[in-house]
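Pasting coords-v2.csv here (CSV, C-alpha atoms):
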chain,number,residue,atom,x,y,z
A,236,MET,CA,-12.1,-50.8,-23.3
A,237,SER,CA,-12.3,-54.2,-21.7
A,238,TRP,CA,-12.1,-53.1,-18.1
A,239,ILE,CA,-15.3,-50.9,-18.4
A,240,ASP,CA,-17.1,-53.9,-19.9
A,241,TRP,CA,-15.9,-56.0,-17.0
A,242,ILE,CA,-17.2,-53.4,-14.6
A,243,GLU,CA,-20.5,-53.2,-16.5
A,244,GLN,CA,-21.0,-57.0,-16.1
A,245,HIS,CA,-20.0,-57.0,-12.4
A,246,LEU,CA,-22.2,-54.2,-11.0
A,247,LEU,CA,-23.2,-54.8,-7.4
A,248,PRO,CA,-27.0,-55.5,-7.1
A,249,CYS,CA,-28.9,-53.1,-4.9
A,250,PRO,CA,-30.4,-55.0,-1.9
A,251,SER,CA,-33.5,-53.0,-1.8
A,252,LYS,CA,-34.2,-53.4,-5.5
A,253,SER,CA,-33.6,-57.1,-5.4
A,254,LEU,CA,-35.7,-57.6,-2.2
A,255,PHE,CA,-38.6,-55.2,-2.7
A,256,GLY,CA,-38.3,-54.2,-6.4
A,257,LEU,CA,-38.2,-50.6,-5.4
A,258,ASP,CA,-35.4,-48.2,-6.2
A,259,CYS,CA,-33.3,-46.8,-3.4
A,260,PRO,CA,-32.0,-43.2,-3.6
A,261,GLY,CA,-28.7,-44.5,-4.8
A,262,CYS,CA,-30.0,-46.8,-7.5
A,263,GLY,CA,-28.6,-46.0,-11.0
A,264,MET,CA,-25.3,-44.6,-9.6
A,265,GLN,CA,-23.2,-47.5,-10.9
A,266,ARG,CA,-24.9,-47.5,-14.4
A,267,SER,CA,-24.4,-43.8,-14.4
A,268,MET,CA,-20.7,-44.3,-13.5
A,269,VAL,CA,-20.3,-46.8,-16.4
A,270,ASP,CA,-21.8,-44.2,-18.8
A,271,LEU,CA,-19.5,-41.6,-17.5
A,272,LEU,CA,-16.4,-43.9,-17.9
A,273,LYS,CA,-17.5,-44.5,-21.5
A,274,GLY,CA,-17.8,-40.7,-22.0
A,275,ASN,CA,-21.5,-40.4,-22.3
A,276,PHE,CA,-22.2,-37.4,-20.1
A,277,THR,CA,-25.8,-37.0,-21.2
A,278,ASP,CA,-26.6,-40.7,-20.5
A,279,SER,CA,-24.9,-40.4,-17.2
A,280,LEU,CA,-27.0,-37.4,-16.2
A,281,LYS,CA,-30.2,-39.1,-17.4
A,282,THR,CA,-29.5,-42.2,-15.4
A,283,TYR,CA,-28.4,-40.6,-12.2
A,284,PRO,CA,-28.2,-36.8,-12.2
A,285,ALA,CA,-26.5,-36.5,-8.9
A,286,LEU,CA,-23.4,-38.5,-9.8
A,287,ILE,CA,-21.4,-35.7,-11.4
A,288,PRO,CA,-22.0,-33.2,-8.5
A,289,ILE,CA,-21.2,-35.9,-6.0
A,290,LEU,CA,-17.9,-36.7,-7.8
A,291,ILE,CA,-17.0,-33.0,-8.0
A,292,THR,CA,-17.7,-32.6,-4.3
A,293,LEU,CA,-15.5,-35.6,-3.4
A,294,VAL,CA,-12.7,-34.4,-5.6
A,295,PHE,CA,-13.0,-30.9,-4.1
A,296,LEU,CA,-12.9,-32.4,-0.6
A,297,GLY,CA,-9.6,-34.1,-1.5
A,298,LEU,CA,-8.1,-30.9,-2.9
A,299,HIS,CA,-9.3,-28.9,0.1
A,300,LEU,CA,-7.8,-31.3,2.6
A,301,ARG,CA,-4.5,-31.1,0.6
A,302,TYR,CA,-4.3,-27.4,-0.2
A,303,LYS,CA,-6.6,-25.8,2.5
A,304,PHE,CA,-8.5,-23.3,0.4
A,305,LYS,CA,-9.6,-20.2,2.3
A,306,TYR,CA,-13.3,-20.7,1.6
A,307,GLY,CA,-13.0,-24.4,0.9
A,308,SER,CA,-15.2,-25.5,3.8
A,309,THR,CA,-18.1,-23.2,2.9
A,310,THR,CA,-17.9,-24.2,-0.8
A,311,LEU,CA,-17.9,-27.8,0.2
A,312,GLN,CA,-21.0,-27.3,2.4
A,313,TYR,CA,-22.9,-25.7,-0.4
A,314,ALA,CA,-21.8,-28.3,-2.9
A,315,TYR,CA,-23.0,-31.0,-0.5
A,316,ILE,CA,-26.4,-29.3,0.0
A,317,PHE,CA,-26.7,-29.0,-3.8
A,318,SER,CA,-25.9,-32.6,-4.5
A,319,MET,CA,-28.2,-33.7,-1.7
A,320,LEU,CA,-31.1,-31.6,-3.2
A,321,ILE,CA,-30.5,-33.3,-6.6
A,322,VAL,CA,-30.4,-36.8,-5.0
A,323,VAL,CA,-33.7,-36.2,-3.2
A,324,THR,CA,-35.5,-34.4,-6.1
A,325,SER,CA,-34.5,-37.1,-8.6
A,326,TYR,CA,-35.5,-39.8,-6.2
A,327,VAL,CA,-38.9,-38.2,-5.6
A,328,ILE,CA,-39.5,-37.8,-9.3
A,329,LYS,CA,-38.4,-41.4,-10.0
A,330,GLN,CA,-40.9,-42.7,-7.3
A,331,VAL,CA,-43.7,-40.6,-8.7
A,332,GLN,CA,-43.1,-41.9,-12.2
A,333,PHE,CA,-42.9,-45.4,-10.7
A,334,PHE,CA,-46.2,-45.2,-8.9
A,335,ASN,CA,-48.0,-43.3,-11.7
A,336,PRO,CA,-46.7,-44.6,-14.9
B,247,MET,CA,15.5,-3.4,43.7
B,248,SER,CA,13.3,-5.8,45.6
B,249,ASN,CA,10.6,-6.0,42.9
B,250,PRO,CA,8.8,-9.3,42.8
B,251,PRO,CA,9.8,-11.3,39.7
B,252,PRO,CA,7.6,-10.5,36.7
B,253,PHE,CA,6.4,-14.1,36.4
B,254,PRO,CA,6.1,-15.7,39.8
B,255,PRO,CA,6.1,-19.5,39.7
B,256,PRO,CA,2.6,-20.9,39.9
B,257,ASN,CA,0.9,-21.6,43.2
B,258,THR,CA,2.9,-18.9,45.0
B,259,PRO,CA,0.7,-16.3,46.6
B,260,PRO,CA,1.0,-12.9,45.0
B,261,PRO,CA,3.0,-10.3,46.9
B,262,PRO,CA,0.9,-8.3,49.3
B,263,PRO,CA,-0.4,-5.2,47.5
B,264,GLY,CA,0.9,-1.9,48.7
B,265,GLY,CA,3.6,-3.5,50.9
B,266,PRO,CA,6.5,-1.4,52.1
B,267,ASN,CA,8.7,-2.6,49.3
B,268,ASN,CA,6.1,-2.1,46.5
B,269,PRO,CA,7.1,0.9,44.4
B,270,TYR,CA,3.8,0.9,42.6
B,271,GLY,CA,1.7,1.8,45.6
B,272,ASN,CA,-1.6,0.3,46.5
B,273,ASN,CA,-3.2,-1.9,44.0
B,274,PRO,CA,-7.0,-1.0,44.2
B,275,TYR,CA,-8.0,-4.4,42.8
B,276,GLY,CA,-6.1,-6.4,45.4
B,277,GLN,CA,-4.6,-8.6,42.7
B,278,ASN,CA,-1.2,-9.3,41.3
B,279,PRO,CA,-0.3,-6.0,39.6
B,280,TYR,CA,1.3,-7.9,36.7
B,281,GLY,CA,-1.9,-9.6,35.7
B,282,ASN,CA,-2.4,-13.3,35.3
B,283,ASN,CA,0.6,-15.2,34.2
B,284,PRO,CA,-0.3,-16.8,30.9
B,285,TYR,CA,1.8,-19.8,31.7
B,286,ASN,CA,0.0,-20.6,34.9
B,287,ASN,CA,-3.0,-22.2,33.1
B,288,PRO,CA,-2.4,-23.1,29.5
B,289,TYR,CA,-6.0,-24.0,29.0
B,290,GLN,CA,-7.3,-20.5,29.7
B,291,GLN,CA,-4.9,-18.4,27.8
B,292,ASN,CA,-3.4,-18.4,24.4
B,293,PRO,CA,0.4,-17.9,24.3
B,294,MET,CA,1.4,-16.5,21.0
B,295,GLY,CA,1.7,-19.0,18.1
B,296,MET,CA,0.3,-21.9,20.0
B,297,GLN,CA,-3.0,-22.3,18.0
B,298,ARG,CA,-3.8,-25.8,17.1
B,299,ASP,CA,-6.4,-27.6,15.1
B,300,VAL,CA,-9.9,-28.3,16.4
B,301,PRO,CA,-9.8,-31.9,17.4
B,302,ASN,CA,-10.9,-34.3,14.6
B,303,ALA,CA,-11.8,-31.4,12.3
B,304,THR,CA,-10.7,-33.3,9.2
B,305,ALA,CA,-12.5,-36.5,10.3
B,306,ILE,CA,-15.7,-34.5,10.9
B,307,LEU,CA,-15.6,-33.0,7.4
B,308,VAL,CA,-14.8,-36.3,5.7
B,309,LEU,CA,-17.4,-38.3,7.6
B,310,GLY,CA,-20.0,-35.5,7.1
B,311,ILE,CA,-19.4,-35.6,3.3
B,312,VAL,CA,-19.3,-39.3,3.1
B,313,SER,CA,-22.7,-39.4,4.7
B,314,ILE,CA,-23.9,-38.4,1.2
B,315,VAL,CA,-23.8,-42.0,0.3
B,316,GLY,CA,-26.2,-42.5,3.2
B,317,CYS,CA,-29.0,-43.4,0.8
B,318,PHE,CA,-27.5,-46.7,-0.1
B,319,CYS,CA,-28.0,-49.9,1.8
B,320,TYR,CA,-31.1,-48.7,3.7
B,321,GLY,CA,-29.3,-45.6,5.0
B,322,ILE,CA,-27.0,-47.6,7.3
B,323,ILE,CA,-23.8,-46.1,6.0
B,324,GLY,CA,-25.1,-42.6,6.1
B,325,LEU,CA,-26.5,-43.0,9.6
B,326,GLY,CA,-23.2,-44.5,10.9
B,327,CYS,CA,-21.0,-41.8,9.3
B,328,GLY,CA,-23.4,-39.0,10.1
B,329,ILE,CA,-23.8,-39.9,13.8
B,330,ALA,CA,-20.1,-40.5,14.3
B,331,ALA,CA,-19.4,-37.1,12.8
B,332,LEU,CA,-22.1,-35.5,14.9
B,333,ILE,CA,-20.7,-37.0,18.2
B,334,MET,CA,-17.1,-35.9,17.3
B,335,ALA,CA,-18.4,-32.4,16.2
B,336,SER,CA,-20.3,-31.9,19.5
B,337,LYS,CA,-17.2,-32.7,21.5
B,338,ALA,CA,-15.0,-30.5,19.3
B,339,MET,CA,-17.5,-27.6,19.5
B,340,GLN,CA,-17.6,-27.9,23.3
B,341,GLU,CA,-13.8,-27.7,23.4
B,342,TYR,CA,-13.7,-24.8,21.0
B,343,ASN,CA,-16.4,-22.8,22.8
B,344,GLN,CA,-14.5,-23.0,26.1
B,345,ASN,CA,-11.5,-21.3,24.5
B,346,PRO,CA,-11.9,-20.1,20.9
B,347,SER,CA,-8.5,-18.4,20.7
B,348,MET,CA,-6.7,-21.7,21.2
B,349,PHE,CA,-7.8,-23.1,17.8
B,350,LYS,CA,-7.2,-22.3,14.2
B,351,VAL,CA,-10.1,-20.7,12.4
B,352,SER,CA,-9.7,-22.8,9.3
B,353,SER,CA,-10.0,-26.1,11.2
B,354,TYR,CA,-13.0,-24.6,13.1
B,355,ASN,CA,-14.7,-23.8,9.7
B,356,ASN,CA,-13.9,-27.4,8.5
B,357,ALA,CA,-15.6,-28.8,11.6
B,358,LYS,CA,-18.6,-26.5,11.3
B,359,ALA,CA,-19.1,-27.4,7.6
B,360,GLY,CA,-18.7,-31.1,8.4
B,361,ARG,CA,-21.3,-30.8,11.2
B,362,ILE,CA,-23.9,-29.2,8.8
B,363,CYS,CA,-23.2,-31.9,6.2
B,364,ALA,CA,-23.5,-34.6,8.9
B,365,ILE,CA,-26.8,-33.2,10.1
B,366,ILE,CA,-28.3,-33.2,6.6
B,367,GLY,CA,-26.8,-36.7,5.8
B,368,THR,CA,-28.2,-38.1,9.1
B,369,ILE,CA,-31.7,-36.7,8.5
B,370,ILE,CA,-31.9,-38.1,5.0
B,371,SER,CA,-30.4,-41.5,5.8
B,372,GLY,CA,-32.8,-41.6,8.8
B,373,LEU,CA,-35.8,-40.9,6.5
B,374,THR,CA,-34.5,-43.6,4.1
B,375,SER,CA,-34.2,-46.1,6.9
B,376,LEU,CA,-37.7,-45.2,8.2
B,377,TRP,CA,-39.1,-45.6,4.6
B,378,TRP,CA,-37.7,-49.1,4.4
B,379,ILE,CA,-38.8,-50.1,7.9
B,380,CYS,CA,-42.4,-48.9,6.8
B,381,LEU,CA,-42.1,-51.0,3.7
B,382,VAL,CA,-41.1,-54.1,5.6
B,383,VAL,CA,-43.7,-53.6,8.3
B,384,LEU,CA,-46.6,-52.9,6.0
B,385,GLY,CA,-45.5,-55.6,3.6
B,386,ILE,CA,-45.8,-53.3,0.6
B,387,GLY,CA,-42.5,-54.5,-0.9
B,388,GLY,CA,-43.7,-58.0,-1.4
B,389,SER,CA,-46.5,-57.1,-3.7
B,390,TYR,CA,-44.2,-55.1,-5.9
B,391,TYR,CA,-41.7,-57.8,-5.9
B,392,SER,CA,-44.2,-60.3,-7.2
B,393,ASN,CA,-45.5,-58.0,-9.8
B,394,PRO,CA,-43.4,-58.3,-13.0
B,395,TYR,CA,-44.6,-54.9,-14.3
B,396,ASN,CA,-42.9,-53.1,-11.4
B,397,TRP,CA,-39.4,-54.3,-12.2
Written form, structure tokens:
Amino acid sequence: MSWIDWIEQHLLPCPSKSLFGLDCPGCGMQRSMVDLLKGNFTDSLKTYPALIPILITLVFLGLHLRYKFKYGSTTLQYAYIFSMLIVVTSYVIKQVQFFNP
Amino acid sequence: MSNPPPFPPPNTPPPPPGGPNNPYGNNPYGQNPYGNNPYNNPYQQNPMGMQRDVPNATAILVLGIVSIVGCFCYGIIGLGCGIAALIMASKAMQEYNQNPSMFKVSSYNNAKAGRICAIIGTIISGLTSLWWICLVVLGIGGSYYSNPYNW
């Protein structure tokens, strides 16, 4: 899979990580995406647990806009809140581990 | 019959109630006995089958959900998307509340869900931005930058 290798070597550097050395809440998403493209679901979840819920939310958003599900907007709202909770929780855990190794 | 036409053209005064030619007798309310003509003011009434989408409902939903990426780049993307969605949503809600029967329920639900997502996204991106501003102001970042153990 050459194109995945190419992506892996051309990840965009996070400005906050390169400037301050501190992770931002989105750090790890690209590595997680590479893991997912390779098919390693566990690695993907470990690197950035919120990636899969976010992808599902975005795919469902597209489907809802196309097919107009009856309870689509409510489902999207809860999916969004769920993903956001995972983003915030995993970031807080990461920071706590970072400051108290 | 000398009845008044059922839908008098707008801006014509209603026929005098209880006039000599009015077969319905006195109208105790002193109004046009046929009620308001729905075509007089299209913004107050809902003629059948004329429901339309809440303005920008899709855009509000998409921007609200895209504000999930607000945590990146110091929260700038999330703040931009979230605030844009909030502004559009407040306009749309105003328009909807003036006349709810004019709009499709599905698009109203989209706008409502998008607004809630935008509120959450804006708050979290705002907190992220504040966190980075604090880091820059307090100069915490520099010490971690220079410490190889923190990479």
Could you write out as a PyMOL selection string the residues of chain A within 6 Å of chain B, counting all atoms listed in the file?
chain A and resi 255-256+260-261+308+312
One decimal place gives the CA of Glu243 (chain A)-CA of Arg266 (chain A) separation as 7.5 Å
Quick check, in Å to one decimal: how far apart do CA of Asn302 (chain B) and CA of Phe295 (chain A) lie?
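Interatomic distance here is 19.1 Å.
As for CA of Ile242 (chain A) and CA of Leu280 (chain A), they are spaced 18.8 Å apart.
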Identify which of the residues A:Met264, A:Ile239, A:Leu311, A:Leu254 lies closest to Leu286 (chain A), counting all atoms listed in the file when measuring atom-to-atom distances.
A:Met264
Rebuild region 240-266 of chain A to N, CA and C atoms - output it as a PDB file, keeping the file's coordinate frame, please.
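Once everything was written out, this is result19.pdb:
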ATOM      1  N   ASP A 240     -16.145 -52.795 -19.703  1.00  0.00           N
ATOM      2  CA  ASP A 240     -17.100 -53.900 -19.900  1.00  0.00           C
ATOM      3  C   ASP A 240     -17.152 -54.819 -18.729  1.00  0.00           C
ATOM      4  N   TRP A 241     -15.950 -55.089 -18.187  1.00  0.00           N
ATOM      5  CA  TRP A 241     -15.900 -56.000 -17.000  1.00  0.00           C
ATOM      6  C   TRP A 241     -16.682 -55.380 -15.859  1.00  0.00           C
ATOM      7  N   ILE A 242     -16.500 -54.056 -15.639  1.00  0.00           N
ATOM      8  CA  ILE A 242     -17.200 -53.400 -14.600  1.00  0.00           C
ATOM      9  C   ILE A 242     -18.735 -53.462 -14.826  1.00  0.00           C
ATOM     10  N   GLU A 243     -19.096 -53.240 -16.107  1.00  0.00           N
ATOM     11  CA  GLU A 243     -20.500 -53.200 -16.500  1.00  0.00           C
ATOM     12  C   GLU A 243     -21.159 -54.588 -16.169  1.00  0.00           C
ATOM     13  N   GLN A 244     -20.385 -55.644 -16.351  1.00  0.00           N
ATOM     14  CA  GLN A 244     -21.000 -57.000 -16.100  1.00  0.00           C
ATOM     15  C   GLN A 244     -20.878 -57.362 -14.633  1.00  0.00           C
ATOM     16  N   HIS A 245     -20.184 -56.593 -13.829  1.00  0.00           N
ATOM     17  CA  HIS A 245     -20.000 -57.000 -12.400  1.00  0.00           C
ATOM     18  C   HIS A 245     -20.534 -55.854 -11.502  1.00  0.00           C
ATOM     19  N   LEU A 246     -21.638 -55.205 -11.860  1.00  0.00           N
ATOM     20  CA  LEU A 246     -22.200 -54.200 -11.000  1.00  0.00           C
ATOM     21  C   LEU A 246     -22.795 -54.880  -9.742  1.00  0.00           C
ATOM     22  N   LEU A 247     -22.685 -54.192  -8.605  1.00  0.00           N
ATOM     23  CA  LEU A 247     -23.200 -54.800  -7.400  1.00  0.00           C
ATOM     24  C   LEU A 247     -24.754 -54.585  -7.382  1.00  0.00           C
ATOM     25  N   PRO A 248     -25.502 -55.642  -7.109  1.00  0.00           N
ATOM     26  CA  PRO A 248     -27.000 -55.500  -7.100  1.00  0.00           C
ATOM     27  C   PRO A 248     -27.400 -54.719  -5.852  1.00  0.00           C
ATOM     28  N   CYS A 249     -28.400 -53.846  -6.030  1.00  0.00           N
ATOM     29  CA  CYS A 249     -28.900 -53.100  -4.900  1.00  0.00           C
ATOM     30  C   CYS A 249     -29.791 -53.979  -4.047  1.00  0.00           C
ATOM     31  N   PRO A 250     -29.538 -54.097  -2.759  1.00  0.00           N
ATOM     32  CA  PRO A 250     -30.400 -55.000  -1.900  1.00  0.00           C
ATOM     33  C   PRO A 250     -31.823 -54.618  -1.906  1.00  0.00           C
ATOM     34  N   SER A 251     -32.125 -53.333  -1.883  1.00  0.00           N
ATOM     35  CA  SER A 251     -33.500 -53.000  -1.800  1.00  0.00           C
ATOM     36  C   SER A 251     -34.255 -53.261  -3.089  1.00  0.00           C
ATOM     37  N   LYS A 252     -33.534 -53.100  -4.215  1.00  0.00           N
ATOM     38  CA  LYS A 252     -34.200 -53.400  -5.500  1.00  0.00           C
ATOM     39  C   LYS A 252     -34.406 -54.879  -5.650  1.00  0.00           C
ATOM     40  N   SER A 253     -33.442 -55.686  -5.205  1.00  0.00           N
ATOM     41  CA  SER A 253     -33.600 -57.100  -5.400  1.00  0.00           C
ATOM     42  C   SER A 253     -34.616 -57.689  -4.389  1.00  0.00           C
ATOM     43  N   LEU A 254     -34.748 -57.054  -3.214  1.00  0.00           N
ATOM     44  CA  LEU A 254     -35.700 -57.600  -2.200  1.00  0.00           C
ATOM     45  C   LEU A 254     -37.097 -57.075  -2.443  1.00  0.00           C
ATOM     46  N   PHE A 255     -37.236 -55.758  -2.676  1.00  0.00           N
ATOM     47  CA  PHE A 255     -38.600 -55.200  -2.700  1.00  0.00           C
ATOM     48  C   PHE A 255     -38.968 -54.763  -4.156  1.00  0.00           C
ATOM     49  N   GLY A 256     -37.986 -54.709  -5.056  1.00  0.00           N
ATOM     50  CA  GLY A 256     -38.300 -54.200  -6.400  1.00  0.00           C
ATOM     51  C   GLY A 256     -38.463 -52.738  -6.468  1.00  0.00           C
ATOM     52  N   LEU A 257     -38.091 -52.048  -5.400  1.00  0.00           N
ATOM     53  CA  LEU A 257     -38.200 -50.600  -5.400  1.00  0.00           C
ATOM     54  C   LEU A 257     -36.793 -49.996  -5.421  1.00  0.00           C
ATOM     55  N   ASP A 258     -36.652 -48.904  -6.173  1.00  0.00           N
ATOM     56  CA  ASP A 258     -35.400 -48.200  -6.200  1.00  0.00           C
ATOM     57  C   ASP A 258     -35.027 -47.628  -4.862  1.00  0.00           C
ATOM     58  N   CYS A 259     -33.748 -47.598  -4.540  1.00  0.00           N
ATOM     59  CA  CYS A 259     -33.300 -46.800  -3.400  1.00  0.00           C
ATOM     60  C   CYS A 259     -32.747 -45.487  -3.922  1.00  0.00           C
ATOM     61  N   PRO A 260     -32.484 -44.508  -3.070  1.00  0.00           N
ATOM     62  CA  PRO A 260     -32.000 -43.200  -3.600  1.00  0.00           C
ATOM     63  C   PRO A 260     -30.669 -43.307  -4.321  1.00  0.00           C
ATOM     64  N   GLY A 261     -29.954 -44.409  -4.154  1.00  0.00           N
ATOM     65  CA  GLY A 261     -28.700 -44.500  -4.800  1.00  0.00           C
ATOM     66  C   GLY A 261     -28.716 -45.370  -6.083  1.00  0.00           C
ATOM     67  N   CYS A 262     -29.896 -45.889  -6.398  1.00  0.00           N
ATOM     68  CA  CYS A 262     -30.000 -46.800  -7.500  1.00  0.00           C
ATOM     69  C   CYS A 262     -29.720 -46.011  -8.827  1.00  0.00           C
ATOM     70  N   GLY A 263     -28.913 -46.606  -9.691  1.00  0.00           N
ATOM     71  CA  GLY A 263     -28.600 -46.000 -11.000  1.00  0.00           C
ATOM     72  C   GLY A 263     -27.203 -45.344 -10.930  1.00  0.00           C
ATOM     73  N   MET A 264     -26.617 -45.251  -9.734  1.00  0.00           N
ATOM     74  CA  MET A 264     -25.300 -44.600  -9.600  1.00  0.00           C
ATOM     75  C   MET A 264     -24.238 -45.395 -10.386  1.00  0.00           C
ATOM     76  N   GLN A 265     -24.292 -46.723 -10.258  1.00  0.00           N
ATOM     77  CA  GLN A 265     -23.200 -47.500 -10.900  1.00  0.00           C
ATOM     78  C   GLN A 265     -23.409 -47.490 -12.426  1.00  0.00           C
ATOM     79  N   ARG A 266     -24.659 -47.585 -12.899  1.00  0.00           N
ATOM     80  CA  ARG A 266     -24.900 -47.500 -14.400  1.00  0.00           C
ATOM     81  C   ARG A 266     -24.449 -46.131 -14.858  1.00  0.00           C
TER      82      ARG A 266
END
